[in-house]
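Notes follow the structure.
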Amino acid sequence: MKTDDNITSAVASVYEWIDSKAAGRTPCDACGNCCDFKQYDHRLYVTSVELQYLVTTLGPAAIKKMNDGICPYNENNKCTIHKNRFAGCRIFSCQSDADFQSRLAEESLAKLKSIGYKYHWPYCYVDLATGLNDLTEQP
Ligand code: SF4
Ligand code: SF4
């Protein structure tokens, strides 16, 4: 699986930026309900640079398939990759202002997209199941 450390570090900076913007504005009781996308009627889209970040920070062996509409990193309603979670997970809050989240999501996506261009990484924005399942099929 191809990786690029420049992308990993650039995505980490975007996540830090998101966390600083979201601090105090995206309250969450960490119930894990929204990680069951089917049940919660919710979708999570991720960028290709974030998937690359996941591979390099967790290691290829830790990449899991998603088969049943529940994020495979949710165990017993807890996120097992909290530090490495995606931009959408950092931004979404069922208790927060939708306009604020929407603006933050747009700005974050622009930053993530620019990383792809800067490091000539094929950029795409896909639902989590597609992204994870594609990764697990890569040699
Ligand atoms: S955002 Fe809401 S539904 Fe999702 S884990 Fe937090 S409290 Fe639960
Ligand atoms: S990465 Fe964590 S927070 Fe995001 S959907 Fe999966 S379990 Fe939930």
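Letters for chains follow the order of the structure tokens (A, B, ...), residue numbers begin at 1 for each chain, and ligand numbers begin at 1 in the order shown.
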
Margin query: 8 Å from ligand 2 is the threshold here; counting only C-alpha atoms and all ligand atoms, which polymer residues fall inside it? Answer as a PyMOL selection string.
Written below: chain A and resi 32+34-36+44+70-75+77-82+84-86+88-90

With C-alpha atoms retained, export the selected residues as a compact mmCIF listing (two decimals), in the first residue's frame.
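The new file out.txt reads:
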```txt
# COMPACT_ATOMS: atom_id res chain seq x y z
CA GLY A 32 -21.60 6.05 19.73
CA CYS A 34 -24.03 8.10 15.13
CA CYS A 35 -21.29 5.54 14.30
CA ASP A 36 -24.09 3.10 13.42
CA LEU A 44 -19.78 9.59 6.80
CA ILE A 70 -21.59 0.34 11.42
CA CYS A 71 -18.13 1.86 11.54
CA PRO A 72 -15.80 -1.10 12.19
CA TYR A 73 -13.79 1.02 14.64
CA ASN A 74 -16.76 1.33 16.95
CA GLU A 75 -16.62 -1.29 19.65
CA ASN A 77 -20.30 2.11 21.36
CA LYS A 78 -16.79 3.52 21.79
CA CYS A 79 -14.46 4.80 19.11
CA THR A 80 -11.28 2.72 19.19
CA ILE A 81 -9.39 5.15 16.96
CA HIS A 82 -10.39 8.39 18.65
CA ASN A 84 -7.03 9.06 14.40
CA ARG A 85 -10.70 9.57 13.61
CA PHE A 86 -11.84 11.32 10.45
CA GLY A 88 -16.36 14.23 9.74
CA CYS A 89 -16.21 12.53 13.14
CA ARG A 90 -14.46 15.57 14.60
```

Within 6 Å of ligand 1, which residues of chain A show up? Give each one with its shortest atom-to-atom distance in Å (one decimal) and the two atoms involved, counting only C-alpha atoms and all ligand atoms, rows by chain then rising residue number, as a Markdown table.
```
| residue | atom | partner | partner_atom_place_in_ligand_line | distance |
| --- | --- | --- | --- | --- |
| A:Cys28 | CA | ligand 1 | 6 (Fe) | 3.7 |
| A:Asp29 | CA | ligand 1 | 7 (S) | 4.1 |
| A:Ala30 | CA | ligand 1 | 5 (S) | 4.0 |
| A:Cys31 | CA | ligand 1 | 8 (Fe) | 4.0 |
| A:Gly32 | CA | ligand 1 | 5 (S) | 4.0 |
| A:Asn33 | CA | ligand 1 | 3 (S) | 4.6 |
| A:Cys34 | CA | ligand 1 | 4 (Fe) | 4.2 |
| A:Phe92 | CA | ligand 1 | 1 (S) | 6.0 |
| A:Ser93 | CA | ligand 1 | 1 (S) | 3.8 |
| A:Cys94 | CA | ligand 1 | 2 (Fe) | 4.2 |
```

Next item on the list: Could you check which of A:Leu109, A:Ala12, A:Ala23, A:Ala87 is closest to Tyr53 in chain A, using only C-alpha atoms?
Entry: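 The shortest atom-to-atom distance to Tyr53 in chain A comes from A:Ala12.
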
Item checked: DSSP-assigned strand (DSSP E or B) among range 6-92 of chain A, expressed as JSON, numbers by chain -> {"A": [36, 45, 46, 47, 70, 74, 75, 78, 79]}

Next item on the list: Tell me, as a PyMOL selection string, which residues lie within 7 Å of Ser48 in chain A, counting only C-alpha atoms; anything in the same chain fewer than 6 positions away does not count.
Entry: chain A and resi 123-125

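Rounded to one decimal, CA of Ser102 in chain A and CA of Ile7 in chain A lie 24.1 Å from each other.
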
Could you please write out, as a PDB file with N, CA and C atoms, in the first residue's frame, every residue of range 10-58 of chain A that DSSP assigns to alpha helix (DSSP H)?
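selection-v6.pdb, written as the output of this step:
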```pdb
ATOM      1  N   ALA A  10       0.528  16.498   7.056  1.00  0.00           N
ATOM      2  CA  ALA A  10      -0.385  17.584   6.656  1.00  0.00           C
ATOM      3  C   ALA A  10      -1.810  17.302   7.140  1.00  0.00           C
ATOM      4  N   VAL A  11      -2.245  16.057   7.071  1.00  0.00           N
ATOM      5  CA  VAL A  11      -3.593  15.715   7.552  1.00  0.00           C
ATOM      6  C   VAL A  11      -3.654  15.892   9.077  1.00  0.00           C
ATOM      7  N   ALA A  12      -2.589  15.510   9.770  1.00  0.00           N
ATOM      8  CA  ALA A  12      -2.556  15.696  11.233  1.00  0.00           C
ATOM      9  C   ALA A  12      -2.741  17.178  11.575  1.00  0.00           C
ATOM     10  N   SER A  13      -2.122  18.057  10.775  1.00  0.00           N
ATOM     11  CA  SER A  13      -2.262  19.503  11.030  1.00  0.00           C
ATOM     12  C   SER A  13      -3.698  19.961  10.797  1.00  0.00           C
ATOM     13  N   VAL A  14      -4.337  19.419   9.765  1.00  0.00           N
ATOM     14  CA  VAL A  14      -5.739  19.790   9.519  1.00  0.00           C
ATOM     15  C   VAL A  14      -6.615  19.302  10.670  1.00  0.00           C
ATOM     16  N   TYR A  15      -6.367  18.100  11.172  1.00  0.00           N
ATOM     17  CA  TYR A  15      -7.150  17.585  12.302  1.00  0.00           C
ATOM     18  C   TYR A  15      -6.955  18.477  13.544  1.00  0.00           C
ATOM     19  N   GLU A  16      -5.718  18.924  13.761  1.00  0.00           N
ATOM     20  CA  GLU A  16      -5.474  19.820  14.902  1.00  0.00           C
ATOM     21  C   GLU A  16      -6.257  21.114  14.726  1.00  0.00           C
ATOM     22  N   TRP A  17      -6.252  21.602  13.491  1.00  0.00           N
ATOM     23  CA  TRP A  17      -6.981  22.844  13.188  1.00  0.00           C
ATOM     24  C   TRP A  17      -8.481  22.644  13.429  1.00  0.00           C
ATOM     25  N   ILE A  18      -9.016  21.533  12.959  1.00  0.00           N
ATOM     26  CA  ILE A  18     -10.449  21.251  13.166  1.00  0.00           C
ATOM     27  C   ILE A  18     -10.749  21.199  14.663  1.00  0.00           C
ATOM     28  N   ASP A  19      -9.908  20.481  15.404  1.00  0.00           N
ATOM     29  CA  ASP A  19     -10.154  20.340  16.844  1.00  0.00           C
ATOM     30  C   ASP A  19     -10.132  21.701  17.539  1.00  0.00           C
ATOM     31  N   SER A  20      -9.243  22.576  17.086  1.00  0.00           N
ATOM     32  CA  SER A  20      -9.172  23.901  17.717  1.00  0.00           C
ATOM     33  C   SER A  20     -10.432  24.710  17.400  1.00  0.00           C
ATOM     34  N   LYS A  21     -10.946  24.585  16.187  1.00  0.00           N
ATOM     35  CA  LYS A  21     -12.164  25.312  15.800  1.00  0.00           C
ATOM     36  C   LYS A  21     -13.405  24.733  16.489  1.00  0.00           C
ATOM     37  N   ALA A  22     -13.414  23.395  16.628  1.00  0.00           N
ATOM     38  CA  ALA A  22     -14.604  22.721  17.158  1.00  0.00           C
ATOM     39  C   ALA A  22     -14.651  22.750  18.688  1.00  0.00           C
ATOM     40  N   PHE A  37     -24.347   3.939  11.170  1.00  0.00           N
ATOM     41  CA  PHE A  37     -24.898   4.823  10.139  1.00  0.00           C
ATOM     42  C   PHE A  37     -26.297   4.403   9.692  1.00  0.00           C
ATOM     43  N   LYS A  38     -26.515   3.101   9.614  1.00  0.00           N
ATOM     44  CA  LYS A  38     -27.804   2.601   9.157  1.00  0.00           C
ATOM     45  C   LYS A  38     -28.894   2.961  10.175  1.00  0.00           C
ATOM     46  N   GLN A  39     -28.617   2.646  11.399  1.00  0.00           N
ATOM     47  CA  GLN A  39     -29.585   2.881  12.471  1.00  0.00           C
ATOM     48  C   GLN A  39     -29.846   4.371  12.666  1.00  0.00           C
ATOM     49  N   TYR A  40     -28.781   5.157  12.555  1.00  0.00           N
ATOM     50  CA  TYR A  40     -28.868   6.594  12.847  1.00  0.00           C
ATOM     51  C   TYR A  40     -29.294   7.391  11.613  1.00  0.00           C
ATOM     52  N   SER A  48      -9.473  10.787   0.373  1.00  0.00           N
ATOM     53  CA  SER A  48      -8.397   9.812   0.141  1.00  0.00           C
ATOM     54  C   SER A  48      -7.160  10.146   0.978  1.00  0.00           C
ATOM     55  N   VAL A  49      -6.914  11.426   1.253  1.00  0.00           N
ATOM     56  CA  VAL A  49      -5.728  11.752   2.064  1.00  0.00           C
ATOM     57  C   VAL A  49      -5.930  11.315   3.523  1.00  0.00           C
ATOM     58  N   GLU A  50      -7.177  11.333   3.973  1.00  0.00           N
ATOM     59  CA  GLU A  50      -7.446  10.837   5.330  1.00  0.00           C
ATOM     60  C   GLU A  50      -7.277   9.322   5.403  1.00  0.00           C
ATOM     61  N   LEU A  51      -7.670   8.637   4.340  1.00  0.00           N
ATOM     62  CA  LEU A  51      -7.491   7.177   4.327  1.00  0.00           C
ATOM     63  C   LEU A  51      -6.011   6.834   4.355  1.00  0.00           C
ATOM     64  N   GLN A  52      -5.221   7.631   3.636  1.00  0.00           N
ATOM     65  CA  GLN A  52      -3.784   7.424   3.663  1.00  0.00           C
ATOM     66  C   GLN A  52      -3.236   7.663   5.058  1.00  0.00           C
ATOM     67  N   TYR A  53      -3.746   8.694   5.719  1.00  0.00           N
ATOM     68  CA  TYR A  53      -3.349   8.999   7.106  1.00  0.00           C
ATOM     69  C   TYR A  53      -3.673   7.800   8.011  1.00  0.00           C
ATOM     70  N   LEU A  54      -4.842   7.222   7.812  1.00  0.00           N
ATOM     71  CA  LEU A  54      -5.248   6.090   8.643  1.00  0.00           C
ATOM     72  C   LEU A  54      -4.298   4.910   8.467  1.00  0.00           C
ATOM     73  N   VAL A  55      -3.940   4.637   7.223  1.00  0.00           N
ATOM     74  CA  VAL A  55      -3.037   3.511   6.956  1.00  0.00           C
ATOM     75  C   VAL A  55      -1.689   3.744   7.625  1.00  0.00           C
ATOM     76  N   THR A  56      -1.156   4.942   7.516  1.00  0.00           N
ATOM     77  CA  THR A  56       0.185   5.177   8.061  1.00  0.00           C
ATOM     78  C   THR A  56       0.183   5.280   9.585  1.00  0.00           C
ATOM     79  N   THR A  57      -0.890   5.769  10.165  1.00  0.00           N
ATOM     80  CA  THR A  57      -0.876   5.921  11.621  1.00  0.00           C
ATOM     81  C   THR A  57      -1.306   4.641  12.349  1.00  0.00           C
ATOM     82  N   LEU A  58      -2.212   3.865  11.734  1.00  0.00           N
ATOM     83  CA  LEU A  58      -2.632   2.615  12.389  1.00  0.00           C
ATOM     84  C   LEU A  58      -1.811   1.421  11.926  1.00  0.00           C
TER      85      LEU A  58
END
```

Check: Neighbours of Pro139 in chain A within 12 Å (only C-alpha atoms; same-chain residues fewer than 2 positions away dropped), as a list in words?
Finding: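 Residues meeting the cut-off are Met1, Lys2, Pro60, Ala61, Asp134, Leu135, Thr136 and Glu137 of chain A.
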
Next item on the list: Using only C-alpha atoms, determine which residues lie at most 8 Å from Ala129 in chain A, disregarding the query and same-chain residues fewer than 6 positions distant; provide the list as a list in words.
Entry: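 Those residues are Lys65, Met66, Asn67 and Gly69 of chain A.
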
Next item on the list: Could you tell me which of A:Asp41, A:Gly116, A:Gly24, A:Ile63 comes closest to Gln138 in chain A if we count only C-alpha atoms?
Entry: A:Ile63

Note to self: Please report the interatomic distance between CA of Val126 in chain A and CA of Asp99 in chain A in Å with one decimal.
What the structure shows: 22.1 Å

Notebook entry, point to check: Separation of CA of Ala110 in chain A and CA of Ile91 in chain A, in Å?
Noted result: 14.3 Å

Next item on the list: Determine the nearest neighbour of Lys113 in chain A from the options A:Thr26, A:Thr3, A:Thr47, A:Ser9, counting only C-alpha atoms.
Entry: A:Thr47

Leaving out Asp127 in chain A and any residue of its chain fewer than 5 positions from it, which residues lie within 8 Å of it when counting only C-alpha atoms, given as a short mmCIF file (atom, residue, chain, number, x, y, z; two decimals) with N, CA and C atoms, in the first residue's frame?
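After the write, selection.cif holds the following:
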```cif
data_model
loop_
_atom_site.label_atom_id
_atom_site.label_comp_id
_atom_site.auth_asym_id
_atom_site.auth_seq_id
_atom_site.Cartn_x
_atom_site.Cartn_y
_atom_site.Cartn_z
N ARG A 43 -24.55 9.39 7.23
CA ARG A 43 -23.47 8.92 6.36
C ARG A 43 -22.19 9.64 6.74
N LEU A 44 -21.08 8.96 6.57
CA LEU A 44 -19.78 9.59 6.80
C LEU A 44 -18.97 9.47 5.53
N TYR A 45 -18.53 10.61 5.00
CA TYR A 45 -17.68 10.64 3.82
C TYR A 45 -16.26 11.01 4.25
N VAL A 46 -15.32 10.38 3.61
CA VAL A 46 -13.91 10.62 3.96
C VAL A 46 -13.11 10.91 2.70
#
```
